[in-house]
$ cat model.txt   # compact mmCIF, C-alpha atoms
# COMPACT_ATOMS: atom_id res chain seq x y z
CA MET A 213 9.25 25.57 -6.23
CA ASN A 214 9.65 28.64 -8.41
CA ILE A 215 7.67 27.63 -11.52
CA GLU A 216 5.23 29.76 -13.52
CA PHE A 217 2.51 27.27 -14.29
CA ARG A 218 0.17 27.89 -17.21
CA GLU A 219 -3.20 29.31 -16.14
CA ASP A 220 -5.17 26.07 -16.64
CA VAL A 221 -2.57 24.02 -14.73
CA ARG A 222 -2.54 26.60 -11.94
CA GLN A 223 -6.33 26.33 -11.69
CA LEU A 224 -6.03 22.54 -11.46
CA ILE A 225 -3.50 22.91 -8.63
CA GLU A 226 -5.92 25.20 -6.79
CA TYR A 227 -8.81 22.78 -7.45
CA ARG A 228 -6.76 19.93 -5.96
CA ARG A 229 -6.03 22.16 -2.95
CA PHE A 230 -2.29 21.71 -3.16
CA ASP A 231 -1.35 24.27 -0.53
CA SER A 232 2.19 22.94 -0.78
CA PHE A 233 3.96 20.32 -2.85
CA THR A 234 5.20 17.03 -1.41
CA PRO A 235 8.96 16.31 -1.47
CA ILE A 236 8.68 14.00 -4.49
CA GLN A 237 6.75 16.70 -6.36
CA GLU A 238 9.20 19.42 -5.32
CA LYS A 239 12.11 17.40 -6.68
CA ALA A 240 10.58 15.78 -9.78
CA ILE A 241 8.49 18.53 -11.39
CA PRO A 242 11.35 20.99 -12.18
CA LEU A 243 13.53 18.16 -13.52
CA ILE A 244 10.80 16.80 -15.81
CA LEU A 245 10.10 20.30 -17.11
CA LYS A 246 13.82 20.62 -17.94
CA GLY A 247 13.63 17.42 -19.99
CA ARG A 248 15.72 15.27 -17.64
CA ASP A 249 15.26 11.54 -17.26
CA VAL A 250 14.08 10.82 -13.72
CA VAL A 251 13.83 7.76 -11.47
CA GLY A 252 11.41 8.66 -8.69
CA ILE A 253 11.44 6.29 -5.72
CA SER A 254 8.69 7.01 -3.26
CA ALA A 255 6.26 5.12 -1.07
CA THR A 256 2.52 4.83 -1.55
CA GLY A 257 0.60 8.02 -0.80
CA THR A 258 3.43 10.50 -1.37
CA GLY A 259 1.85 12.27 -4.34
CA LYS A 260 4.06 10.79 -7.03
CA SER A 261 1.22 10.64 -9.59
CA HIS A 262 0.94 14.42 -9.70
CA ALA A 263 4.72 14.64 -9.70
CA PHE A 264 4.54 13.61 -13.37
CA ILE A 265 0.96 14.58 -14.29
CA LEU A 266 1.48 18.30 -13.62
CA PRO A 267 4.64 18.73 -15.73
CA ILE A 268 3.15 16.66 -18.57
CA LEU A 269 0.11 18.94 -18.64
CA GLN A 270 2.36 22.00 -18.48
CA MET A 271 4.31 20.78 -21.54
CA VAL A 272 1.27 20.01 -23.74
CA ASP A 273 1.10 21.89 -27.03
CA VAL A 274 -2.60 21.94 -27.92
CA SER A 275 -1.85 23.27 -31.42
CA SER A 276 -0.15 20.00 -32.30
CA ASN A 277 -2.20 16.97 -33.40
CA THR A 278 0.33 14.40 -32.24
CA ILE A 279 0.61 12.26 -29.14
CA GLN A 280 3.20 14.04 -27.02
CA SER A 281 3.23 12.08 -23.75
CA LEU A 282 2.66 8.42 -22.94
CA ILE A 283 1.91 7.10 -19.43
CA ILE A 284 2.27 3.32 -19.03
CA ALA A 285 0.54 1.57 -16.11
CA PRO A 286 0.71 -2.14 -15.15
CA THR A 287 -2.99 -2.57 -14.34
CA ARG A 288 -6.28 -1.33 -15.70
CA GLU A 289 -7.28 0.03 -12.30
CA LEU A 290 -4.17 2.17 -12.08
CA ALA A 291 -4.59 3.36 -15.67
CA ILE A 292 -8.17 4.43 -14.95
CA GLN A 293 -7.05 6.19 -11.77
CA LEU A 294 -4.35 8.13 -13.66
CA TYR A 295 -6.76 8.94 -16.50
CA LYS A 296 -9.29 10.43 -14.09
CA MET A 297 -6.64 12.50 -12.33
CA THR A 298 -5.18 13.80 -15.60
CA SER A 299 -8.58 14.49 -17.18
CA GLU A 300 -9.43 16.97 -14.44
CA ILE A 301 -7.52 19.51 -16.55
CA ASN A 302 -10.45 19.50 -19.01
CA MET A 303 -12.51 21.49 -16.50
CA PHE A 304 -10.11 24.36 -17.15
CA ASN A 305 -8.85 23.56 -20.65
CA PRO A 306 -11.14 21.36 -22.79
CA ASP A 307 -8.70 21.55 -25.72
CA ILE A 308 -6.27 19.06 -24.15
CA ARG A 309 -7.15 15.61 -25.51
CA ILE A 310 -6.45 12.68 -23.17
CA LYS A 311 -7.10 9.07 -24.15
CA LEU A 312 -7.37 5.92 -22.02
CA ILE A 313 -6.07 2.82 -23.83
CA ALA A 314 -6.84 -0.09 -21.52
CA SER A 315 -8.12 -3.64 -21.57
CA GLY A 316 -11.82 -4.17 -20.99
CA LYS A 317 -12.89 -1.51 -23.50
CA ASP A 318 -14.28 -2.39 -26.94
CA LYS A 319 -11.30 -2.61 -29.27
CA GLU A 320 -13.05 -1.53 -32.49
CA ARG A 321 -14.63 1.51 -30.86
CA MET A 322 -11.25 2.41 -29.40
CA ILE A 323 -9.64 2.21 -32.83
CA ASP A 324 -12.39 4.41 -34.33
CA SER A 325 -11.85 7.02 -31.61
CA LEU A 326 -8.20 7.34 -32.64
CA SER A 327 -9.10 9.03 -35.93
CA VAL A 328 -8.16 12.19 -34.03
CA GLN A 329 -4.97 11.53 -32.10
CA PRO A 330 -4.91 12.68 -28.45
CA HIS A 331 -2.17 14.77 -26.84
CA ILE A 332 -1.70 12.40 -23.91
CA VAL A 333 -2.20 8.62 -23.86
CA ILE A 334 -2.58 6.66 -20.63
CA GLY A 335 -2.74 2.90 -20.99
CA THR A 336 -2.01 -0.63 -19.92
CA VAL A 337 0.96 -2.46 -21.39
CA GLY A 338 -0.98 -5.16 -23.25
CA ARG A 339 -3.45 -2.89 -25.00
CA LEU A 340 -0.76 -0.33 -25.90
CA LYS A 341 1.32 -3.09 -27.47
CA ASP A 342 -1.75 -4.36 -29.34
CA LEU A 343 -2.73 -1.01 -30.88
CA PHE A 344 0.78 0.38 -31.43
CA VAL A 345 2.98 -2.60 -32.30
CA GLU A 346 0.48 -5.03 -33.82
CA GLU A 347 -2.39 -2.90 -35.22
CA SER A 348 -0.35 0.26 -35.93
CA VAL A 349 -3.39 2.48 -35.29
CA LEU A 350 -1.85 4.27 -32.31
CA ARG A 351 0.68 6.82 -33.58
CA LEU A 352 3.38 7.14 -30.95
CA ASP A 353 6.18 8.30 -33.25
CA GLY A 354 5.81 11.90 -32.03
CA VAL A 355 5.96 11.07 -28.32
CA ARG A 356 8.51 13.16 -26.44
CA THR A 357 7.98 11.94 -22.87
CA VAL A 358 7.25 8.45 -21.54
CA ILE A 359 6.24 7.79 -17.94
CA ILE A 360 6.42 4.26 -16.54
CA ASP A 361 4.40 4.19 -13.34
CA GLU A 362 4.79 1.47 -10.68
CA ALA A 363 7.78 0.02 -12.53
CA ASP A 364 8.47 -2.63 -9.88
CA MET A 365 4.93 -3.91 -10.27
CA THR A 366 5.31 -3.91 -14.07
CA LEU A 367 8.40 -6.10 -13.65
CA GLU A 368 6.73 -8.43 -11.16
CA MET A 369 3.69 -8.96 -13.39
CA GLY A 370 5.93 -9.95 -16.30
CA PHE A 371 5.20 -6.93 -18.53
CA ILE A 372 8.70 -5.48 -18.75
CA ASP A 373 9.50 -7.27 -22.05
CA ASP A 374 6.40 -5.75 -23.65
CA VAL A 375 7.43 -2.29 -22.39
CA ASP A 376 10.85 -2.98 -23.89
CA MET A 377 9.18 -3.76 -27.24
CA ILE A 378 7.12 -0.54 -27.16
CA LEU A 379 10.08 1.69 -26.26
CA GLY A 380 12.24 0.00 -28.88
CA LYS A 381 9.93 1.31 -31.62
CA LEU A 382 9.82 4.91 -30.38
CA ASN A 383 12.04 7.87 -31.14
CA ARG A 384 15.38 7.32 -29.42
CA LYS A 385 15.45 10.97 -28.29
CA LEU A 386 12.94 10.30 -25.56
CA GLN A 387 12.57 11.67 -22.09
CA ILE A 388 11.85 8.64 -19.90
CA CYS A 389 10.71 8.94 -16.29
CA VAL A 390 10.22 5.92 -14.07
CA PHE A 391 8.26 6.06 -10.81
CA SER A 392 8.21 3.20 -8.38
CA ALA A 393 8.03 2.32 -4.71
CA THR A 394 11.16 0.17 -5.11
CA VAL A 395 13.73 -0.46 -7.83
CA PRO A 396 14.59 -4.20 -7.85
CA ASP A 397 17.95 -5.36 -9.22
CA GLN A 398 16.24 -6.93 -12.25
CA LEU A 399 15.03 -3.47 -13.27
CA GLN A 400 18.51 -1.94 -13.35
CA SER A 401 19.52 -3.27 -16.79
CA PHE A 402 16.26 -1.98 -18.29
CA LEU A 403 16.87 1.50 -16.87
CA LYS A 404 20.45 1.57 -18.17
CA LYS A 405 19.28 0.55 -21.64
CA TYR A 406 16.80 3.38 -22.14
CA MET A 407 17.57 6.20 -19.75
CA TYR A 408 20.21 8.90 -20.28
CA ARG A 409 21.98 10.06 -17.12
CA PRO A 410 18.81 9.79 -15.01
CA VAL A 411 18.42 11.80 -11.83
CA ILE A 412 17.49 9.45 -9.00
CA ILE A 413 15.05 10.94 -6.51
CA GLU A 414 14.28 9.23 -3.23
CA ALA A 415 11.50 10.78 -1.19
CA THR A 416 10.58 8.97 2.01
CA GLU A 417 8.23 11.57 3.45
CA ALA A 418 5.42 9.01 3.85
CA SER A 419 7.64 6.44 5.49
CA PRO A 420 6.04 3.20 6.68
CA LEU A 421 7.45 4.22 10.06
CA ASN A 422 4.91 7.03 10.08
CA PRO A 423 4.13 7.51 13.80
CA LYS A 424 0.49 8.14 12.90
CA ILE A 425 0.15 4.46 11.92
CA GLU A 426 -0.20 1.94 14.74
CA HIS A 427 0.93 -1.58 13.87
CA VAL A 428 -0.97 -4.32 15.72
CA LEU A 429 -0.23 -8.05 15.82
CA ILE A 430 -3.16 -10.41 16.42
CA ASN A 431 -2.38 -14.08 17.02
CA CYS A 432 -4.91 -16.38 15.34
CA ARG A 433 -3.73 -19.34 17.45
CA TYR A 434 -6.17 -22.14 16.61
CA SER A 435 -8.40 -20.07 14.28
CA THR A 436 -8.11 -19.46 10.54
CA TYR A 437 -7.47 -15.93 9.29
CA GLN A 438 -11.12 -15.63 8.25
CA GLN A 439 -12.46 -16.91 11.57
CA LYS A 440 -10.28 -14.45 13.47
CA LEU A 441 -11.30 -11.65 11.12
CA LEU A 442 -14.97 -12.13 11.99
CA LYS A 443 -14.11 -12.04 15.70
CA ILE A 444 -12.24 -8.72 15.58
CA LEU A 445 -14.41 -6.77 13.10
CA PRO A 446 -16.98 -5.79 15.80
CA GLY A 447 -14.10 -3.98 17.54
CA ILE A 448 -13.29 -1.88 14.48
CA ASN A 449 -15.37 1.07 13.37
CA PRO A 450 -13.68 2.03 10.09
CA PHE A 451 -14.43 4.72 7.60
CA VAL A 452 -12.86 2.46 4.99
CA CYS A 453 -11.00 -0.75 5.85
CA MET A 454 -8.79 -2.50 3.29
CA ILE A 455 -8.43 -6.25 3.89
CA PHE A 456 -5.49 -7.88 2.11
CA ALA A 457 -5.44 -11.57 1.25
CA ARG A 458 -2.53 -13.36 -0.40
CA THR A 459 -4.32 -15.08 -3.26
CA LYS A 460 -7.29 -14.48 -5.54
CA LYS A 461 -9.01 -17.54 -4.02
CA GLU A 462 -8.62 -16.11 -0.50
CA VAL A 463 -9.98 -12.73 -1.68
CA ILE A 464 -13.11 -14.36 -3.10
CA GLU A 465 -13.69 -16.57 -0.05
CA THR A 466 -13.11 -13.75 2.45
CA ALA A 467 -15.38 -11.33 0.59
CA GLN A 468 -18.17 -13.91 0.42
CA LEU A 469 -17.81 -14.69 4.13
CA LEU A 470 -18.15 -11.00 5.02
CA LYS A 471 -21.13 -10.54 2.71
CA ASP A 472 -22.83 -13.56 4.31
CA SER A 473 -22.16 -11.96 7.70
CA GLY A 474 -23.91 -8.73 6.71
CA TYR A 475 -20.92 -6.48 5.93
CA ASP A 476 -20.92 -4.07 2.97
CA VAL A 477 -18.00 -5.33 0.93
CA VAL A 478 -16.28 -4.59 -2.37
CA GLU A 479 -13.95 -7.26 -3.74
CA ILE A 480 -11.19 -6.61 -6.27
CA HIS A 481 -9.58 -9.55 -8.08
CA GLY A 482 -8.64 -10.66 -11.57
CA ASP A 483 -11.79 -12.73 -12.23
CA LEU A 484 -14.15 -9.75 -12.21
CA SER A 485 -15.87 -8.95 -15.48
CA ASN A 486 -15.45 -5.50 -17.00
CA ARG A 487 -18.89 -4.48 -15.76
CA GLU A 488 -18.23 -5.83 -12.24
CA ARG A 489 -14.88 -4.06 -12.12
CA LYS A 490 -16.40 -0.74 -13.16
CA GLN A 491 -19.12 -1.11 -10.52
CA ALA A 492 -16.55 -1.98 -7.85
CA LEU A 493 -14.43 1.09 -8.66
CA LYS A 494 -17.55 3.27 -8.70
CA THR A 495 -18.57 1.95 -5.27
CA ILE A 496 -15.07 2.56 -3.90
CA GLY A 497 -14.96 6.07 -5.37
CA SER A 498 -18.27 7.01 -3.73
CA ASP A 499 -17.26 5.61 -0.30
CA ALA A 500 -20.39 3.44 -0.44
CA ALA A 501 -18.63 0.41 1.07
CA SER A 502 -16.69 0.28 4.33
CA TYR A 503 -14.70 -2.87 3.49
CA ILE A 504 -12.50 -3.57 0.46
CA VAL A 505 -11.10 -7.09 0.11
CA CYS A 506 -8.24 -7.32 -2.35
CA SER A 507 -4.84 -8.75 -3.18
CA ASP A 508 -1.59 -6.76 -3.19
CA ILE A 509 -1.39 -6.59 -6.97
CA MET A 510 -4.95 -5.35 -7.51
CA ALA A 511 -4.76 -2.78 -4.71
CA ARG A 512 -1.74 -0.94 -6.16
CA GLY A 513 -4.03 0.90 -8.59
CA LEU A 514 -6.44 2.19 -5.96
CA ASP A 515 -5.88 5.65 -4.50
CA ILE A 516 -8.22 5.97 -1.51
CA GLU A 517 -7.39 8.70 0.98
CA SER A 518 -10.15 7.74 3.42
CA VAL A 519 -8.70 4.37 4.52
CA SER A 520 -8.68 4.32 8.32
CA HIS A 521 -7.77 0.65 8.88
CA VAL A 522 -5.76 -2.01 7.07
CA ILE A 523 -5.99 -5.72 7.88
CA SER A 524 -3.50 -8.27 6.58
CA LEU A 525 -4.62 -11.90 6.54
CA GLY A 526 -1.14 -13.27 6.96
CA LEU A 527 1.91 -11.73 5.29
CA PRO A 528 3.01 -11.74 1.64
CA SER A 529 6.12 -13.63 0.56
CA ASN A 530 7.59 -10.30 -0.55
CA LEU A 531 7.64 -8.28 2.66
CA ASP A 532 7.97 -5.02 0.72
CA TYR A 533 4.27 -5.42 0.05
CA TYR A 534 3.52 -4.94 3.76
CA THR A 535 4.97 -1.46 3.35
CA HIS A 536 2.47 -0.83 0.55
CA ARG A 537 -0.37 -2.26 2.63
CA CYS A 538 0.16 -0.22 5.79
CA GLY A 539 0.90 2.86 3.67
CA ARG A 540 -2.73 2.86 2.57
CA THR A 541 -3.71 4.40 5.89
CA GLY A 542 -2.37 7.32 7.94
CA ARG A 543 -2.48 9.59 4.89
CA SER A 544 -2.98 13.35 4.62
CA GLY A 545 -2.16 13.88 8.28
CA ARG A 546 -4.72 11.34 9.51
CA THR A 547 -4.07 8.49 11.94
CA GLY A 548 -4.45 4.86 10.94
CA THR A 549 -4.18 1.31 12.22
CA SER A 550 -2.61 -1.67 10.48
CA TYR A 551 -3.54 -5.11 11.83
CA ILE A 552 -1.67 -8.32 11.00
CA LEU A 553 -3.59 -11.55 11.67
CA PHE A 554 -0.86 -14.16 11.96
CA ASN A 555 -0.27 -17.80 12.72
CA SER A 556 2.92 -19.79 13.31
CA SER A 557 3.85 -19.79 9.60
CA ASP A 558 4.05 -15.97 9.63
CA ILE A 559 6.39 -15.70 12.62
CA PRO A 560 9.70 -15.65 10.67
CA ALA A 561 8.37 -12.82 8.49
CA ILE A 562 7.15 -10.86 11.53
CA ARG A 563 10.58 -11.17 13.12
CA GLN A 564 12.04 -9.51 10.02
CA LEU A 565 9.42 -6.75 10.10
CA LYS A 566 10.18 -6.09 13.78
CA GLU A 567 13.51 -4.66 12.69
CA LYS A 568 11.61 -1.90 10.88
CA PHE A 569 8.27 -1.48 12.65
CA ASN A 570 7.14 -1.06 16.24
CA PHE A 571 4.36 -3.55 16.95
CA VAL A 572 1.89 -3.90 19.79
CA ASN A 573 0.13 -7.20 20.57
CA ARG A 574 -3.62 -7.15 21.05
CA ASP A 575 -6.78 -9.23 20.81
CA TYR A 576 -10.49 -8.45 20.86
CA ARG A 577 -12.18 -10.34 23.69
CA ARG A 578 -15.59 -9.97 25.29
CA GLY A 579 -16.24 -6.68 23.58
CA GLU A 580 -12.94 -4.93 24.28
CA TRP A 581 -9.37 -4.74 23.04
CA VAL A 582 -6.81 -6.21 25.45
CA GLU A 583 -3.02 -6.29 25.44
CA THR A 584 -1.62 -9.78 24.84
CA ARG A 585 1.73 -11.47 25.24
CA ASP A 586 4.24 -11.09 22.43
CA PHE A 587 4.79 -14.44 20.68
CA ASP A 588 8.53 -13.87 21.18
CA PHE A 589 8.06 -13.37 24.92
CA ARG A 590 10.07 -15.73 27.09
CA PRO A 591 9.19 -15.65 30.79
CA ARG A 592 12.12 -14.57 32.89
CA ARG A 593 13.30 -16.63 35.79
CA HIS A 594 11.35 -16.19 38.96
CA SER A 595 12.39 -13.35 41.20
CA LYS A 596 14.07 -14.28 44.45
CA GLU A 597 10.89 -13.41 46.30
CA ALA A 598 8.73 -15.63 44.07
CA SER A 599 11.25 -18.50 44.21
CA SER A 600 11.25 -18.27 47.98
CA GLU A 601 7.43 -18.37 48.09
CA ILE A 602 7.30 -21.39 45.79
CA MET A 603 9.96 -23.26 47.78
CA SER A 604 8.08 -22.43 50.97
CA ILE A 605 4.87 -23.94 49.55
CA ARG A 606 6.63 -27.06 48.27
CA ASN A 607 8.57 -27.65 51.50
CA ARG A 608 5.75 -26.80 53.85
CA PRO A 609 5.45 -29.69 56.41
CA VAL A 610 2.13 -31.47 56.34
CA LYS A 611 0.91 -33.02 59.54
CA LYS A 612 -2.41 -34.13 58.15
CA VAL A 613 -3.15 -34.49 54.45
CA LYS A 614 -6.54 -32.96 53.63
CA PRO A 615 -8.61 -33.71 50.51
CA GLY A 616 -7.50 -31.59 47.53
CA TYR A 617 -4.19 -30.68 49.16
CA ARG A 618 -2.03 -31.30 46.08
CA LYS A 619 -4.46 -29.38 43.86
CA LYS A 620 -4.44 -26.37 46.22
CA ARG A 621 -0.65 -26.41 46.41
CA LYS A 622 -0.38 -26.54 42.62
CA GLN A 623 -2.91 -23.68 42.32
CA ALA A 624 -0.94 -21.54 44.77
CA ILE A 625 2.27 -22.03 42.78
CA GLU A 626 0.47 -21.25 39.49
CA ASN A 627 -0.88 -18.02 41.02
CA ILE A 628 2.65 -16.95 41.87
CA GLU A 629 3.92 -17.81 38.38
CA ARG A 630 0.97 -15.97 36.79
CA ARG A 631 1.81 -12.89 38.87
CA GLU A 632 5.42 -13.10 37.70
CA ARG A 633 4.35 -13.32 34.06
CA ARG A 634 2.12 -10.28 34.43
CA LEU A 635 4.97 -8.32 35.99
CA ALA A 636 7.30 -9.37 33.18
CA ILE A 637 4.79 -8.35 30.50
CA LYS A 638 4.18 -4.99 32.17
CA GLN A 639 7.93 -4.43 32.36
CA LYS A 640 8.31 -5.26 28.65
CA ILE A 641 5.48 -2.87 27.75
CA ARG A 642 7.10 -0.10 29.80
CA GLU A 643 10.43 -0.72 28.05
CA GLU A 644 8.78 -0.60 24.61
CA GLN A 645 6.95 2.61 25.53
CA LYS A 646 10.22 4.19 26.63
CA GLU A 647 11.91 3.09 23.40
CA ARG A 648 9.07 4.49 21.27
CA ALA A 649 9.21 7.76 23.19
CA LYS A 650 12.98 7.97 22.58
CA LYS A 651 12.52 7.33 18.85
CA ALA A 652 9.76 9.93 18.66
CA GLN A 653 11.99 12.42 20.44
CA ARG A 654 14.88 11.68 18.06
CA GLN A 655 12.62 12.11 15.03
CA LYS A 656 11.22 15.35 16.44
CA GLY A 657 14.72 16.63 17.10
CA GLY A 658 15.82 15.69 13.60
CA TYR A 659 18.62 13.32 14.56
$ encode --input "model.txt" --output "structure tokens"
Amino acid sequence: MNIEFREDVRQLIEYRRFDSFTPIQEKAIPLILKGRDVVGISATGTGKSHAFILPILQMVDVSSNTIQSLIIAPTRELAIQLYKMTSEINMFNPDIRIKLIASGKDKERMIDSLSVQPHIVIGTVGRLKDLFVEESVLRLDGVRTVIIDEADMTLEMGFIDDVDMILGKLNRKLQICVFSATVPDQLQSFLKKYMYRPVIIEATEASPLNPKIEHVLINCRYSTYQQKLLKILPGINPFVCMIFARTKKEVIETAQLLKDSGYDVVEIHGDLSNRERKQALKTIGSDAASYIVCSDIMARGLDIESVSHVISLGLPSNLDYYTHRCGRTGRSGRTGTSYILFNSSDIPAIRQLKEKFNFVNRDYRRGEWVETRDFDFRPRRHSKEASSEIMSIRNRPVKKVKPGYRKKRKQAIENIERRERRLAIKQKIREEQKERAKKAQRQKGGY
């Protein structure tokens, strides 16, 4: 990327140790600097935040006392994350004013602080609407660039109408850039309404098929997700492990269970008070807890590079969220493991995921991880040799019936069938290993 960054931005890039830019950054930054509307589609962990933060900082005019750029985030956690990342520029240029407008902060104090308008505003949809549309204390009439981060999540959480209301009151000559992991069909009409000939960028460099991530299926059988979780945790030695539950209730119950069992846990859900949420984010940021229990929605605002393991307690109804979950690990060249604890209700979803991911089947028993049978495994018919042995046992003439004869005959047949099952499983594992090796070779060869 042949761009002459301003000195303070260049120092920030060096501070962040960006030896090279990611594909989404390579493609998006020059386009944003040229004033183009951009739709950036990229998975979790691909560096898309800095793909818009760096050009926004580069375009700031510190001599102007107007808000020049607006970054809209769907959750408070994500807004805080973006604010911290953007505010790092103040180490090298304290004249750039950046303001966080998010729920959970005292409204009156926030209004008072706007007596001097910032250059960049980063905020949540609800609070931006409150201060701009309803209170008219946030002056956004001079905004030139609007970034909508995690647009699919904004849509899913029901905030897109409020974003529509905010954009409808801004200068029509806006540069609008949308970044998202996916672009659902319902988002298309919104993009057409506000964006002018947008350049669509798709960067899949941190694909969920990342070979550094191992995907493991663990059958709960007759246990609950939480019971199985407690059984496997002694076999995991994580730096940071993210545990995903499907509902807020499950997050709370799982976190309490782990705390009662002596694990250091941080829980993230919508019922946390402002103080509890701040403390949770502080704990996560300092790597003081090894386990984070959260839902899919709450976790989208957390950028944690040190996640070594991900555990899913069942699968979400929207399977795209599994991509977000497993993408939390295996980042920055590291390896990672994604476990799915499943029961019979999850099997249809797993069958869909098998079209995209390579899974292994394991369980933690008696202090060690063991390979287990795939739930889709169907024993093959007995080999000719085994069938002959079984027929020989069944047809063996008996001159004198001894006690326990039938039991011994049944046991002998079961031993043969067990041997056949083991052979079939080993054969399936060998076939899967060969297939994975072929895929790895194809990826390495670039075809």
$ closest_residue --input "model.txt" --among "A:Arg228, A:His481, A:Arg356, A:Lys440" --to "Gln387 in chain A" --atoms "all atoms listed in the file"
A:Arg356
$ closest_residue --input "model.txt" --among "A:His427, A:Arg540, A:Lys490, A:Arg433" --to "Val452 in chain A" --atoms "only C-alpha atoms"
A:Arg540
$ residues_around --input "model.txt" --residues "range 250-262 of chain A" --least-positions-apart "2" --cutoff "6 Å" --atoms "all atoms listed in the file" --output "list in words"
Phe264, Ile265, Leu266, Cys389, Val390, Phe391, Ser392, Ala393, Pro410, Val411, Ile412, Ile413, Glu414, Ala415, Thr416, Ala418 and Gly539 of chain A
$ residues_around --input "model.txt" --residues "range 324-331 of chain A" --least-positions-apart "6" --cutoff "12 Å" --atoms "all atoms listed in the file" --output "tab-separated table (two decimals) with C-alpha atoms, keeping the file's coordinate frame"
chain	number	residue	atom	x	y	z
A	268	ILE	CA	3.15	16.66	-18.57
A	269	LEU	CA	0.11	18.94	-18.64
A	270	GLN	CA	2.36	22.00	-18.48
A	271	MET	CA	4.31	20.78	-21.54
A	272	VAL	CA	1.27	20.01	-23.74
A	273	ASP	CA	1.10	21.89	-27.03
A	274	VAL	CA	-2.60	21.94	-27.92
A	275	SER	CA	-1.85	23.27	-31.42
A	276	SER	CA	-0.15	20.00	-32.30
A	277	ASN	CA	-2.20	16.97	-33.40
A	278	THR	CA	0.33	14.40	-32.24
A	279	ILE	CA	0.61	12.26	-29.14
A	280	GLN	CA	3.20	14.04	-27.02
A	281	SER	CA	3.23	12.08	-23.75
A	282	LEU	CA	2.66	8.42	-22.94
A	283	ILE	CA	1.91	7.10	-19.43
A	298	THR	CA	-5.18	13.80	-15.60
A	299	SER	CA	-8.58	14.49	-17.18
A	306	PRO	CA	-11.14	21.36	-22.79
A	307	ASP	CA	-8.70	21.55	-25.72
A	308	ILE	CA	-6.27	19.06	-24.15
A	309	ARG	CA	-7.15	15.61	-25.51
A	310	ILE	CA	-6.45	12.68	-23.17
A	311	LYS	CA	-7.10	9.07	-24.15
A	312	LEU	CA	-7.37	5.92	-22.02
A	313	ILE	CA	-6.07	2.82	-23.83
A	317	LYS	CA	-12.89	-1.51	-23.50
A	318	ASP	CA	-14.28	-2.39	-26.94
A	343	LEU	CA	-2.73	-1.01	-30.88
A	344	PHE	CA	0.78	0.38	-31.43
A	348	SER	CA	-0.35	0.26	-35.93
A	349	VAL	CA	-3.39	2.48	-35.29
A	350	LEU	CA	-1.85	4.27	-32.31
A	351	ARG	CA	0.68	6.82	-33.58
A	352	LEU	CA	3.38	7.14	-30.95
A	353	ASP	CA	6.18	8.30	-33.25
A	354	GLY	CA	5.81	11.90	-32.03
A	355	VAL	CA	5.96	11.07	-28.32
A	356	ARG	CA	8.51	13.16	-26.44
A	357	THR	CA	7.98	11.94	-22.87
$ closest_residue --input "model.txt" --among "A:Leu340, A:Val572, A:Asp586, A:Arg288" --to "Ala636 in chain A" --atoms "all atoms listed in the file"
A:Asp586
$ closest_residue --input "model.txt" --among "A:Asp374, A:Thr547, A:Met365, A:Pro450" --to "Asp508 in chain A" --atoms "all atoms listed in the file"
A:Met365
$ atom_distance --input "model.txt" --atom1 "CA of Gly497 in chain A" --atom2 "CA of Ile455 in chain A"
16.7 Å
$ decode --input "model.txt" --residues "range 350-374 of chain A" --atoms "C-alpha atoms" --output "mmCIF file, in the first residue's frame"
data_model
loop_
_atom_site.group_PDB
_atom_site.id
_atom_site.type_symbol
_atom_site.label_atom_id
_atom_site.label_comp_id
_atom_site.auth_asym_id
_atom_site.auth_seq_id
_atom_site.Cartn_x
_atom_site.Cartn_y
_atom_site.Cartn_z
ATOM 1 C CA LEU A 350 -24.663 16.555 19.359
ATOM 2 C CA ARG A 351 -23.810 18.535 16.215
ATOM 3 C CA LEU A 352 -23.421 16.052 13.389
ATOM 4 C CA ASP A 353 -24.250 18.419 10.527
ATOM 5 C CA GLY A 354 -20.554 18.710 9.585
ATOM 6 C CA VAL A 355 -19.890 14.965 9.472
ATOM 7 C CA ARG A 356 -18.224 13.865 6.246
ATOM 8 C CA THR A 357 -17.709 10.143 6.902
ATOM 9 C CA VAL A 358 -19.963 7.629 8.664
ATOM 10 C CA ILE A 359 -18.802 4.127 9.576
ATOM 11 C CA ILE A 360 -21.366 1.465 10.491
ATOM 12 C CA ASP A 361 -19.516 -1.367 12.194
ATOM 13 C CA GLU A 362 -20.961 -4.884 12.551
ATOM 14 C CA ALA A 363 -23.922 -3.950 10.355
ATOM 15 C CA ASP A 364 -25.406 -7.457 10.406
ATOM 16 C CA MET A 365 -25.480 -7.350 14.189
ATOM 17 C CA THR A 366 -27.073 -3.874 14.092
ATOM 18 C CA LEU A 367 -29.820 -5.323 11.897
ATOM 19 C CA GLU A 368 -30.309 -8.391 14.064
ATOM 20 C CA MET A 369 -30.613 -6.339 17.255
ATOM 21 C CA GLY A 370 -33.331 -4.190 15.679
ATOM 22 C CA PHE A 371 -31.350 -0.924 15.514
ATOM 23 C CA ILE A 372 -31.357 -0.412 11.757
ATOM 24 C CA ASP A 373 -34.433 1.877 11.834
ATOM 25 C CA ASP A 374 -32.706 4.155 14.352
#
